[in-house]
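Heads up, data38.txt below (compact mmCIF, N, CA and C atoms and all ligand atoms):
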# COMPACT_ATOMS: atom_id res chain seq x y z
N THR A 130 -61.78 -18.47 -120.22
CA THR A 130 -61.45 -17.40 -119.25
C THR A 130 -60.07 -16.83 -119.54
N ILE A 131 -59.96 -15.53 -119.40
CA ILE A 131 -58.66 -14.87 -119.54
C ILE A 131 -57.89 -15.09 -118.24
N GLU A 132 -56.72 -15.65 -118.36
CA GLU A 132 -55.87 -15.95 -117.19
C GLU A 132 -54.51 -15.29 -117.37
N ARG A 133 -53.76 -15.29 -116.24
CA ARG A 133 -52.35 -14.90 -116.30
C ARG A 133 -51.51 -16.07 -115.82
N THR A 134 -50.37 -16.27 -116.46
CA THR A 134 -49.43 -17.28 -116.02
C THR A 134 -48.04 -16.68 -115.92
N PHE A 135 -47.16 -17.37 -115.20
CA PHE A 135 -45.79 -16.90 -115.02
C PHE A 135 -44.86 -17.73 -115.88
N SER A 136 -43.94 -17.06 -116.54
CA SER A 136 -43.00 -17.71 -117.45
C SER A 136 -41.57 -17.30 -117.15
N ILE A 137 -40.65 -18.23 -117.37
CA ILE A 137 -39.21 -17.90 -117.30
C ILE A 137 -38.54 -18.37 -118.58
N ILE A 138 -37.76 -17.49 -119.20
CA ILE A 138 -36.82 -17.88 -120.24
C ILE A 138 -35.51 -18.13 -119.49
N LYS A 139 -35.08 -19.39 -119.47
CA LYS A 139 -34.01 -19.85 -118.57
C LYS A 139 -32.60 -19.50 -119.09
N PRO A 140 -31.59 -19.66 -118.21
CA PRO A 140 -30.22 -19.28 -118.60
C PRO A 140 -29.70 -19.95 -119.87
N ASP A 141 -30.07 -21.21 -120.12
CA ASP A 141 -29.57 -21.86 -121.34
C ASP A 141 -30.08 -21.14 -122.58
N ALA A 142 -31.30 -20.59 -122.48
CA ALA A 142 -31.91 -19.89 -123.63
C ALA A 142 -31.37 -18.46 -123.77
N THR A 143 -31.22 -17.73 -122.65
CA THR A 143 -30.66 -16.37 -122.79
C THR A 143 -29.22 -16.45 -123.30
N ALA A 144 -28.48 -17.49 -122.88
CA ALA A 144 -27.09 -17.66 -123.32
C ALA A 144 -27.00 -17.83 -124.83
N ARG A 145 -28.04 -18.44 -125.42
CA ARG A 145 -28.04 -18.67 -126.88
C ARG A 145 -28.82 -17.59 -127.63
N ASN A 146 -29.12 -16.47 -126.91
CA ASN A 146 -29.75 -15.31 -127.56
C ASN A 146 -31.13 -15.65 -128.14
N LEU A 147 -31.91 -16.45 -127.39
CA LEU A 147 -33.19 -16.93 -127.90
C LEU A 147 -34.40 -16.17 -127.36
N THR A 148 -34.18 -15.09 -126.61
CA THR A 148 -35.32 -14.39 -126.00
C THR A 148 -36.34 -13.95 -127.06
N GLY A 149 -35.86 -13.33 -128.12
CA GLY A 149 -36.77 -12.84 -129.15
C GLY A 149 -37.49 -13.97 -129.88
N ALA A 150 -36.76 -15.04 -130.18
CA ALA A 150 -37.36 -16.18 -130.88
C ALA A 150 -38.47 -16.79 -130.03
N ILE A 151 -38.21 -16.93 -128.72
CA ILE A 151 -39.22 -17.50 -127.82
C ILE A 151 -40.40 -16.54 -127.70
N ASN A 152 -40.13 -15.24 -127.57
CA ASN A 152 -41.23 -14.28 -127.44
C ASN A 152 -42.11 -14.26 -128.70
N THR A 153 -41.50 -14.41 -129.85
CA THR A 153 -42.30 -14.47 -131.09
C THR A 153 -43.27 -15.64 -131.06
N LEU A 154 -42.79 -16.80 -130.61
CA LEU A 154 -43.67 -17.98 -130.56
C LEU A 154 -44.75 -17.82 -129.50
N ILE A 155 -44.40 -17.17 -128.38
CA ILE A 155 -45.41 -16.88 -127.34
C ILE A 155 -46.51 -16.00 -127.92
N GLU A 156 -46.11 -14.94 -128.60
CA GLU A 156 -47.09 -14.01 -129.16
C GLU A 156 -47.88 -14.65 -130.31
N ASN A 157 -47.22 -15.46 -131.11
CA ASN A 157 -47.93 -16.17 -132.20
C ASN A 157 -48.98 -17.13 -131.65
N ALA A 158 -48.76 -17.62 -130.41
CA ALA A 158 -49.72 -18.53 -129.78
C ALA A 158 -50.89 -17.77 -129.16
N GLY A 159 -50.89 -16.45 -129.28
CA GLY A 159 -52.03 -15.66 -128.79
C GLY A 159 -51.88 -15.19 -127.36
N LEU A 160 -50.70 -15.38 -126.78
CA LEU A 160 -50.46 -14.89 -125.41
C LEU A 160 -49.84 -13.50 -125.46
N ARG A 161 -50.25 -12.64 -124.53
CA ARG A 161 -49.71 -11.28 -124.45
C ARG A 161 -48.71 -11.21 -123.31
N ILE A 162 -47.53 -10.61 -123.57
CA ILE A 162 -46.51 -10.42 -122.54
C ILE A 162 -46.86 -9.12 -121.81
N VAL A 163 -47.49 -9.24 -120.62
CA VAL A 163 -47.98 -8.04 -119.92
C VAL A 163 -47.01 -7.56 -118.84
N ALA A 164 -45.95 -8.33 -118.60
CA ALA A 164 -44.84 -7.90 -117.74
C ALA A 164 -43.62 -8.70 -118.16
N GLN A 165 -42.43 -8.06 -118.10
CA GLN A 165 -41.21 -8.76 -118.51
C GLN A 165 -40.00 -8.04 -117.94
N LYS A 166 -39.06 -8.78 -117.38
CA LYS A 166 -37.76 -8.19 -117.03
C LYS A 166 -36.66 -9.25 -117.05
N ARG A 167 -35.45 -8.76 -117.36
CA ARG A 167 -34.27 -9.64 -117.37
C ARG A 167 -33.55 -9.44 -116.04
N VAL A 168 -33.34 -10.54 -115.33
CA VAL A 168 -32.75 -10.48 -113.99
C VAL A 168 -31.78 -11.65 -113.82
N ARG A 169 -31.02 -11.59 -112.73
CA ARG A 169 -30.27 -12.79 -112.34
C ARG A 169 -30.65 -13.11 -110.91
N TRP A 170 -31.17 -14.30 -110.67
CA TRP A 170 -31.60 -14.70 -109.34
C TRP A 170 -30.41 -15.02 -108.44
N THR A 171 -30.57 -14.73 -107.16
CA THR A 171 -29.65 -15.24 -106.14
C THR A 171 -30.04 -16.69 -105.84
N LYS A 172 -29.15 -17.40 -105.16
CA LYS A 172 -29.46 -18.78 -104.75
C LYS A 172 -30.70 -18.80 -103.85
N THR A 173 -30.78 -17.79 -102.96
CA THR A 173 -31.92 -17.69 -102.04
C THR A 173 -33.24 -17.57 -102.82
N GLN A 174 -33.24 -16.72 -103.85
CA GLN A 174 -34.45 -16.56 -104.66
C GLN A 174 -34.82 -17.86 -105.39
N ALA A 175 -33.81 -18.55 -105.94
CA ALA A 175 -34.07 -19.79 -106.66
C ALA A 175 -34.59 -20.87 -105.71
N ARG A 176 -34.00 -20.96 -104.52
CA ARG A 176 -34.45 -21.96 -103.53
C ARG A 176 -35.88 -21.70 -103.11
N GLU A 177 -36.22 -20.42 -102.94
CA GLU A 177 -37.60 -20.10 -102.53
C GLU A 177 -38.58 -20.40 -103.67
N PHE A 178 -38.22 -19.99 -104.88
CA PHE A 178 -39.11 -20.22 -106.02
C PHE A 178 -39.42 -21.70 -106.21
N TYR A 179 -38.36 -22.54 -106.09
CA TYR A 179 -38.50 -23.98 -106.34
C TYR A 179 -38.64 -24.79 -105.05
N ALA A 180 -39.12 -24.15 -103.97
CA ALA A 180 -39.21 -24.82 -102.65
C ALA A 180 -39.93 -26.17 -102.70
N GLU A 181 -40.93 -26.29 -103.57
CA GLU A 181 -41.68 -27.56 -103.63
C GLU A 181 -40.81 -28.73 -104.11
N HIS A 182 -39.67 -28.42 -104.73
CA HIS A 182 -38.77 -29.47 -105.24
C HIS A 182 -37.59 -29.74 -104.31
N LYS A 183 -37.60 -29.18 -103.10
CA LYS A 183 -36.35 -29.22 -102.31
C LYS A 183 -35.91 -30.62 -101.87
N ALA A 184 -36.83 -31.57 -101.83
CA ALA A 184 -36.45 -32.95 -101.49
C ALA A 184 -36.00 -33.77 -102.70
N ARG A 185 -36.11 -33.19 -103.89
CA ARG A 185 -35.77 -33.95 -105.12
C ARG A 185 -34.25 -34.06 -105.28
N PRO A 186 -33.81 -35.17 -105.90
CA PRO A 186 -32.37 -35.35 -106.10
C PRO A 186 -31.74 -34.27 -106.99
N PHE A 187 -32.55 -33.64 -107.84
CA PHE A 187 -32.00 -32.64 -108.76
C PHE A 187 -32.09 -31.21 -108.21
N PHE A 188 -32.49 -31.04 -106.94
CA PHE A 188 -32.72 -29.68 -106.42
C PHE A 188 -31.47 -28.80 -106.49
N ALA A 189 -30.33 -29.32 -106.03
CA ALA A 189 -29.10 -28.51 -106.02
C ALA A 189 -28.72 -28.11 -107.44
N GLU A 190 -28.85 -29.07 -108.36
CA GLU A 190 -28.54 -28.81 -109.77
C GLU A 190 -29.50 -27.76 -110.35
N LEU A 191 -30.77 -27.86 -109.95
CA LEU A 191 -31.78 -26.90 -110.41
C LEU A 191 -31.43 -25.48 -109.96
N VAL A 192 -31.04 -25.34 -108.69
CA VAL A 192 -30.68 -24.02 -108.15
C VAL A 192 -29.42 -23.49 -108.85
N GLU A 193 -28.43 -24.36 -109.05
CA GLU A 193 -27.20 -23.97 -109.78
C GLU A 193 -27.53 -23.48 -111.19
N THR A 194 -28.32 -24.27 -111.89
CA THR A 194 -28.67 -23.95 -113.27
C THR A 194 -29.41 -22.63 -113.36
N MET A 195 -30.38 -22.43 -112.48
CA MET A 195 -31.25 -21.24 -112.57
C MET A 195 -30.55 -19.96 -112.13
N THR A 196 -29.39 -20.11 -111.46
CA THR A 196 -28.62 -18.93 -111.04
C THR A 196 -27.34 -18.78 -111.86
N SER A 197 -27.18 -19.60 -112.91
CA SER A 197 -25.93 -19.61 -113.67
C SER A 197 -25.82 -18.45 -114.65
N GLY A 198 -26.91 -17.72 -114.86
CA GLY A 198 -26.88 -16.61 -115.82
C GLY A 198 -28.20 -15.88 -115.80
N PRO A 199 -28.34 -14.89 -116.70
CA PRO A 199 -29.58 -14.11 -116.73
C PRO A 199 -30.79 -14.95 -117.13
N ILE A 200 -31.92 -14.57 -116.58
CA ILE A 200 -33.21 -15.15 -116.97
C ILE A 200 -34.14 -13.99 -117.35
N VAL A 201 -35.17 -14.31 -118.11
CA VAL A 201 -36.21 -13.32 -118.41
C VAL A 201 -37.50 -13.84 -117.77
N VAL A 202 -37.99 -13.08 -116.78
CA VAL A 202 -39.25 -13.46 -116.12
C VAL A 202 -40.39 -12.67 -116.75
N GLN A 203 -41.52 -13.32 -116.88
CA GLN A 203 -42.64 -12.73 -117.61
C GLN A 203 -43.98 -13.08 -116.99
N VAL A 204 -44.96 -12.22 -117.22
CA VAL A 204 -46.35 -12.57 -116.98
C VAL A 204 -47.03 -12.61 -118.35
N LEU A 205 -47.66 -13.75 -118.65
CA LEU A 205 -48.36 -13.93 -119.93
C LEU A 205 -49.85 -13.95 -119.67
N GLU A 206 -50.60 -13.26 -120.53
CA GLU A 206 -52.05 -13.16 -120.35
C GLU A 206 -52.76 -13.64 -121.61
N GLY A 207 -53.84 -14.38 -121.40
CA GLY A 207 -54.64 -14.82 -122.55
C GLY A 207 -55.67 -15.84 -122.15
N GLU A 208 -56.44 -16.28 -123.14
CA GLU A 208 -57.45 -17.31 -122.93
C GLU A 208 -56.77 -18.60 -122.45
N ASP A 209 -57.20 -19.10 -121.30
CA ASP A 209 -56.61 -20.32 -120.71
C ASP A 209 -55.07 -20.28 -120.72
N ALA A 210 -54.51 -19.16 -120.30
CA ALA A 210 -53.06 -18.93 -120.43
C ALA A 210 -52.22 -20.03 -119.77
N ILE A 211 -52.67 -20.56 -118.65
CA ILE A 211 -51.84 -21.55 -117.93
C ILE A 211 -51.68 -22.82 -118.77
N ALA A 212 -52.80 -23.39 -119.21
CA ALA A 212 -52.76 -24.60 -120.03
C ALA A 212 -52.18 -24.31 -121.40
N SER A 213 -52.52 -23.16 -121.94
CA SER A 213 -52.07 -22.82 -123.28
C SER A 213 -50.54 -22.68 -123.32
N TYR A 214 -49.96 -22.05 -122.29
CA TYR A 214 -48.49 -21.92 -122.28
C TYR A 214 -47.82 -23.27 -122.02
N ARG A 215 -48.43 -24.10 -121.18
CA ARG A 215 -47.84 -25.43 -120.96
C ARG A 215 -47.85 -26.26 -122.25
N ALA A 216 -48.91 -26.11 -123.03
CA ALA A 216 -48.97 -26.82 -124.33
C ALA A 216 -47.88 -26.29 -125.27
N LEU A 217 -47.69 -24.99 -125.28
CA LEU A 217 -46.65 -24.40 -126.13
C LEU A 217 -45.25 -24.86 -125.69
N MET A 218 -45.03 -24.96 -124.37
CA MET A 218 -43.70 -25.38 -123.87
C MET A 218 -43.38 -26.82 -124.24
N GLY A 219 -44.35 -27.71 -124.11
CA GLY A 219 -44.09 -29.13 -124.33
C GLY A 219 -43.55 -29.79 -123.07
N ALA A 220 -43.27 -31.09 -123.17
CA ALA A 220 -42.85 -31.89 -122.01
C ALA A 220 -41.53 -31.37 -121.42
N THR A 221 -41.38 -31.59 -120.10
CA THR A 221 -40.15 -31.18 -119.38
C THR A 221 -38.90 -31.71 -120.08
N ASP A 222 -38.96 -32.98 -120.46
CA ASP A 222 -37.82 -33.63 -121.13
C ASP A 222 -37.95 -33.39 -122.64
N PRO A 223 -36.99 -32.68 -123.25
CA PRO A 223 -37.11 -32.37 -124.69
C PRO A 223 -37.23 -33.62 -125.55
N ALA A 224 -36.71 -34.75 -125.07
CA ALA A 224 -36.82 -36.01 -125.83
C ALA A 224 -38.27 -36.46 -125.95
N GLU A 225 -39.11 -35.98 -125.01
CA GLU A 225 -40.53 -36.36 -125.04
C GLU A 225 -41.42 -35.23 -125.58
N ALA A 226 -40.86 -34.08 -125.82
CA ALA A 226 -41.66 -32.93 -126.24
C ALA A 226 -42.11 -33.08 -127.70
N LYS A 227 -43.34 -32.64 -127.95
CA LYS A 227 -43.90 -32.75 -129.31
C LYS A 227 -43.32 -31.71 -130.25
N ARG A 228 -43.39 -32.04 -131.53
CA ARG A 228 -42.95 -31.15 -132.59
C ARG A 228 -43.64 -29.79 -132.47
N GLY A 229 -42.89 -28.73 -132.68
CA GLY A 229 -43.48 -27.39 -132.64
C GLY A 229 -43.47 -26.74 -131.27
N THR A 230 -43.18 -27.53 -130.22
CA THR A 230 -43.16 -26.93 -128.88
C THR A 230 -41.82 -26.23 -128.65
N LEU A 231 -41.83 -25.32 -127.67
CA LEU A 231 -40.60 -24.58 -127.35
C LEU A 231 -39.48 -25.52 -126.93
N ARG A 232 -39.82 -26.50 -126.10
CA ARG A 232 -38.75 -27.40 -125.61
C ARG A 232 -38.24 -28.33 -126.70
N LYS A 233 -39.11 -28.75 -127.62
CA LYS A 233 -38.62 -29.55 -128.75
C LYS A 233 -37.64 -28.73 -129.59
N ARG A 234 -38.00 -27.47 -129.81
CA ARG A 234 -37.14 -26.62 -130.64
C ARG A 234 -35.83 -26.24 -129.97
N PHE A 235 -35.93 -25.90 -128.67
CA PHE A 235 -34.81 -25.19 -128.04
C PHE A 235 -34.12 -25.92 -126.88
N ALA A 236 -34.82 -26.80 -126.16
CA ALA A 236 -34.25 -27.36 -124.93
C ALA A 236 -33.10 -28.31 -125.21
N GLU A 237 -32.16 -28.35 -124.27
CA GLU A 237 -30.97 -29.19 -124.42
C GLU A 237 -31.06 -30.47 -123.59
N SER A 238 -31.80 -30.39 -122.47
CA SER A 238 -31.94 -31.53 -121.55
C SER A 238 -33.05 -31.20 -120.57
N LYS A 239 -33.34 -32.14 -119.66
CA LYS A 239 -34.37 -31.90 -118.65
C LYS A 239 -34.05 -30.69 -117.78
N GLY A 240 -32.80 -30.54 -117.44
CA GLY A 240 -32.39 -29.43 -116.58
C GLY A 240 -32.26 -28.12 -117.37
N GLN A 241 -31.67 -28.23 -118.56
CA GLN A 241 -31.47 -27.04 -119.42
C GLN A 241 -32.61 -27.07 -120.45
N ASN A 242 -33.80 -26.75 -119.97
CA ASN A 242 -34.97 -26.94 -120.84
C ASN A 242 -35.64 -25.62 -121.25
N SER A 243 -34.84 -24.56 -121.23
CA SER A 243 -35.15 -23.28 -121.90
C SER A 243 -36.27 -22.43 -121.32
N VAL A 244 -37.35 -23.06 -120.84
CA VAL A 244 -38.50 -22.30 -120.35
C VAL A 244 -39.16 -22.97 -119.15
N HIS A 245 -39.81 -22.13 -118.36
CA HIS A 245 -40.66 -22.60 -117.26
C HIS A 245 -42.02 -21.94 -117.42
N GLY A 246 -43.07 -22.65 -117.03
CA GLY A 246 -44.41 -22.06 -116.97
C GLY A 246 -45.16 -22.63 -115.78
N SER A 247 -46.00 -21.82 -115.17
CA SER A 247 -46.76 -22.25 -114.00
C SER A 247 -47.62 -23.48 -114.33
N ASP A 248 -47.76 -24.38 -113.34
CA ASP A 248 -48.52 -25.61 -113.58
C ASP A 248 -49.97 -25.56 -113.10
N SER A 249 -50.36 -24.47 -112.44
CA SER A 249 -51.75 -24.36 -111.95
C SER A 249 -52.03 -22.89 -111.65
N ALA A 250 -53.31 -22.58 -111.40
CA ALA A 250 -53.69 -21.21 -111.05
C ALA A 250 -53.04 -20.79 -109.74
N ALA A 251 -52.98 -21.70 -108.79
CA ALA A 251 -52.36 -21.38 -107.49
C ALA A 251 -50.86 -21.09 -107.66
N SER A 252 -50.18 -21.92 -108.47
CA SER A 252 -48.76 -21.68 -108.74
C SER A 252 -48.55 -20.36 -109.46
N ALA A 253 -49.40 -20.07 -110.43
CA ALA A 253 -49.26 -18.82 -111.19
C ALA A 253 -49.34 -17.62 -110.25
N LYS A 254 -50.32 -17.64 -109.36
CA LYS A 254 -50.50 -16.53 -108.43
C LYS A 254 -49.26 -16.36 -107.55
N ARG A 255 -48.77 -17.47 -107.00
CA ARG A 255 -47.60 -17.45 -106.13
C ARG A 255 -46.35 -16.98 -106.90
N GLU A 256 -46.13 -17.53 -108.07
CA GLU A 256 -44.92 -17.25 -108.84
C GLU A 256 -44.90 -15.80 -109.36
N ILE A 257 -46.07 -15.30 -109.76
CA ILE A 257 -46.15 -13.90 -110.19
C ILE A 257 -45.83 -12.99 -109.01
N ALA A 258 -46.43 -13.27 -107.85
CA ALA A 258 -46.22 -12.43 -106.66
C ALA A 258 -44.77 -12.43 -106.19
N LEU A 259 -44.07 -13.56 -106.39
CA LEU A 259 -42.65 -13.64 -106.00
C LEU A 259 -41.75 -12.80 -106.91
N ASN A 260 -42.21 -12.50 -108.09
CA ASN A 260 -41.33 -11.87 -109.10
C ASN A 260 -41.73 -10.49 -109.58
N PHE A 261 -43.00 -10.11 -109.37
CA PHE A 261 -43.46 -8.81 -109.86
C PHE A 261 -44.31 -8.10 -108.82
N THR A 262 -44.21 -6.76 -108.81
CA THR A 262 -45.17 -5.96 -108.06
C THR A 262 -46.39 -5.75 -108.98
N THR A 263 -47.52 -5.40 -108.41
CA THR A 263 -48.72 -5.20 -109.24
C THR A 263 -48.50 -4.08 -110.27
N LYS A 264 -47.72 -3.07 -109.88
CA LYS A 264 -47.45 -1.95 -110.80
C LYS A 264 -46.63 -2.35 -112.03
N GLU A 265 -45.85 -3.41 -111.89
CA GLU A 265 -45.01 -3.85 -113.02
C GLU A 265 -45.81 -4.62 -114.07
N ILE A 266 -47.03 -4.98 -113.74
CA ILE A 266 -47.87 -5.74 -114.68
C ILE A 266 -48.86 -4.78 -115.31
N VAL A 267 -48.72 -4.63 -116.64
CA VAL A 267 -49.57 -3.67 -117.36
C VAL A 267 -50.33 -4.41 -118.45
N GLY A 268 -51.58 -4.67 -118.19
CA GLY A 268 -52.38 -5.49 -119.09
C GLY A 268 -53.02 -4.69 -120.21
P1 LIG B 301 -39.41 -26.26 -114.36
O1 LIG B 301 -40.72 -26.15 -115.07
O2 LIG B 301 -38.62 -25.02 -114.24
O3 LIG B 301 -39.68 -26.83 -112.90
C1 LIG B 301 -38.80 -27.69 -112.23
C2 LIG B 301 -37.59 -27.98 -113.03
O4 LIG B 301 -36.78 -29.03 -112.56
C3 LIG B 301 -38.00 -28.42 -114.40
O5 LIG B 301 -38.52 -27.34 -115.11
C4 LIG B 301 -36.72 -29.02 -114.94
O6 LIG B 301 -35.90 -28.10 -115.63
C5 LIG B 301 -36.02 -29.46 -113.67
N1 LIG B 301 -35.95 -30.93 -113.65
C6 LIG B 301 -36.97 -31.79 -113.62
N2 LIG B 301 -36.51 -33.05 -113.61
C7 LIG B 301 -35.16 -32.96 -113.66
C8 LIG B 301 -34.11 -33.91 -113.66
N3 LIG B 301 -34.36 -35.23 -113.63
N4 LIG B 301 -32.85 -33.47 -113.70
C9 LIG B 301 -32.59 -32.14 -113.70
N5 LIG B 301 -33.55 -31.19 -113.70
C10 LIG B 301 -34.81 -31.59 -113.68
Written as structure tokens, that's how I'd like the structure from this file.
Amino acid sequence: TIERTFSIIKPDATARNLTGAINTLIENAGLRIVAQKRVRWTKTQAREFYAEHKARPFFAELVETMTSGPIVVQVLEGEDAIASYRALMGATDPAEAKRGTLRKRFAESKGQNSVHGSDSAASAKREIALNFTTKEIVG
């Protein structure tokens, strides 16, 4: 099935000028970037986006990190896009990420892990709606 997923190129990656390198690997994996913009989130936006993690010990650090600089938010479309992008990203912790994955190549730590991708169809729908209007997505 053709699906859409939500992706973020995180501040650690934009700071190292990796947007193009990451986009090349996304496109090489067969995913189409059907919406994309570079933004900087407010703390309020980051807290809302990551609301499911608010009881976690790393929540404050997560909000700080995600608002520390520009991010590139994207909608990716393709066959099994949600699972396919998670496979391309690799494990949250770069020390556990497999060879060839984005996080193995680029991530610095669990917190500074270069990319985010939706973990389910429900998350994808919610995360896309929080970041894009329907008009901004051109498939
Ligand atoms: P992400 O896919 O954006 O969703 C939640 C984020 O929390 C995750 O990527 C990590 O960057 C971050 N995270 C998870 N575990 C930790 C941790 N132990 N310390 C700091 N950040 C974490």
Self-check item: Residues flagged strand (DSSP E or B) by DSSP in stretch 130-255 of chain A, as a list in words
Solution: Ile131, Glu132, Arg133, Thr134, Phe135, Ser136, Ile137, Ile138, Arg161, Ile162, Val163, Ala164, Gln165, Lys166, Arg167, Val168, Ile200, Val201, Val202, Gln203, Val204, Leu205, Glu206, Gly207, Glu208, Val244, His245 and Gly246 of chain A
Exercise. Residues within 6 Å of ligand LIG 301 (chain B) should be enumerated using all atoms listed in the file and returned as a PyMOL selection string.
Key: chain A and resi 187+191+221+239-242+244-246
Self-check item: Two-atom distance - atom CA of A:Pro223, atom CA of A:Pro199 (Å)
Solution: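 Distance reported for this atom pair: 21.3 Å.
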Practice problem: Select, from A:Ile266, A:Val168, A:Ala216, A:Leu147, the residue with the minimum atom-to-atom distance to A:Met195, counting only C-alpha atoms. | Solution: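 Closest to A:Met195 of all the choices is A:Val168.
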Quiz prompt | helix (DSSP H, G or I) positions in chain A, given as a PyMOL selection string | solution = chain A and resi 140-144+148-157+172-178+180-182+188-195+210-218+231-235+250-260+263-265
Quiz item: Pick from A:Val204, A:Asp209, A:Thr171, A:Arg145: nearest to A:Ile131, with all atoms listed in the file counted?
Solution: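 The shortest atom-to-atom distance to A:Ile131 comes from A:Asp209.
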Quiz item: Near A:Asn152, counting only C-alpha atoms, which residues have an atom at most 12 Å away, once you skip same-chain residues fewer than 2 positions from it, shown as a VMD selection string?
Solution: chain A and resid 136 to 138 142 to 143 146 to 150 154 to 163 165 201 to 205 214 217 to 218 231 244
Practice problem: For each of A:Ala164, A:Ala250, A:Val267, A:Ile151, take the minimum atom-to-atom distance to A:Ala212, counting only C-alpha atoms, then give the residue where this is smallest. | Solution: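 Distance minimum relative to A:Ala212 lands on A:Ala250.
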Practice problem: Enter the distance from atom CA of A:Lys233 to atom CA of A:Ser247, in Å, rounded to one decimal. | Solution: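 Taking atom CA of A:Lys233 and atom CA of A:Ser247, their separation equals 18.4 Å.
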Quiz item: Mind pulling up the distance from atom C of A:Tyr179 to atom C of A:Ile257?
Solution: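 Result for atom C of A:Ile257 versus atom C of A:Tyr179: 14.4 Å, one decimal.
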Residue contacts of A:Lys172 (8 Å, only N, CA and C atoms) excluding same-chain residues fewer than 2 positions away, as a short mmCIF file (atom, residue, chain, number, x, y, z; two decimals) with N, CA and C atoms, in the frame of the given file:
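The file below, out.cif, is the result:
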data_model
loop_
_atom_site.label_atom_id
_atom_site.label_comp_id
_atom_site.auth_asym_id
_atom_site.auth_seq_id
_atom_site.Cartn_x
_atom_site.Cartn_y
_atom_site.Cartn_z
N ARG A 169 -31.02 -11.59 -112.73
CA ARG A 169 -30.27 -12.79 -112.34
C ARG A 169 -30.65 -13.11 -110.91
N TRP A 170 -31.17 -14.30 -110.67
CA TRP A 170 -31.60 -14.70 -109.34
C TRP A 170 -30.41 -15.02 -108.44
N GLN A 174 -33.24 -16.72 -103.85
CA GLN A 174 -34.45 -16.56 -104.66
C GLN A 174 -34.82 -17.86 -105.39
N ALA A 175 -33.81 -18.55 -105.94
CA ALA A 175 -34.07 -19.79 -106.66
C ALA A 175 -34.59 -20.87 -105.71
N ARG A 176 -34.00 -20.96 -104.52
CA ARG A 176 -34.45 -21.96 -103.53
C ARG A 176 -35.88 -21.70 -103.11
N GLU A 177 -36.22 -20.42 -102.94
CA GLU A 177 -37.60 -20.10 -102.53
C GLU A 177 -38.58 -20.40 -103.67
N PHE A 178 -38.22 -19.99 -104.88
CA PHE A 178 -39.11 -20.22 -106.02
C PHE A 178 -39.42 -21.70 -106.21
N VAL A 192 -31.04 -25.34 -108.69
CA VAL A 192 -30.68 -24.02 -108.15
C VAL A 192 -29.42 -23.49 -108.85
N GLU A 193 -28.43 -24.36 -109.05
CA GLU A 193 -27.20 -23.97 -109.78
C GLU A 193 -27.53 -23.48 -111.19
N MET A 195 -30.38 -22.43 -112.48
CA MET A 195 -31.25 -21.24 -112.57
C MET A 195 -30.55 -19.96 -112.13
N THR A 196 -29.39 -20.11 -111.46
CA THR A 196 -28.62 -18.93 -111.04
C THR A 196 -27.34 -18.78 -111.86
#
Practice problem: Take the point (-50.3, -18.1, -115.2) as written in the file and pick out every residue within 5 Å of it, counting only N, CA and C atoms; give the list as a list in words. | Solution: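 Result, sorted by chain then residue number: Arg133, Thr134, Phe135, Ile211 and Ala253 of chain A.
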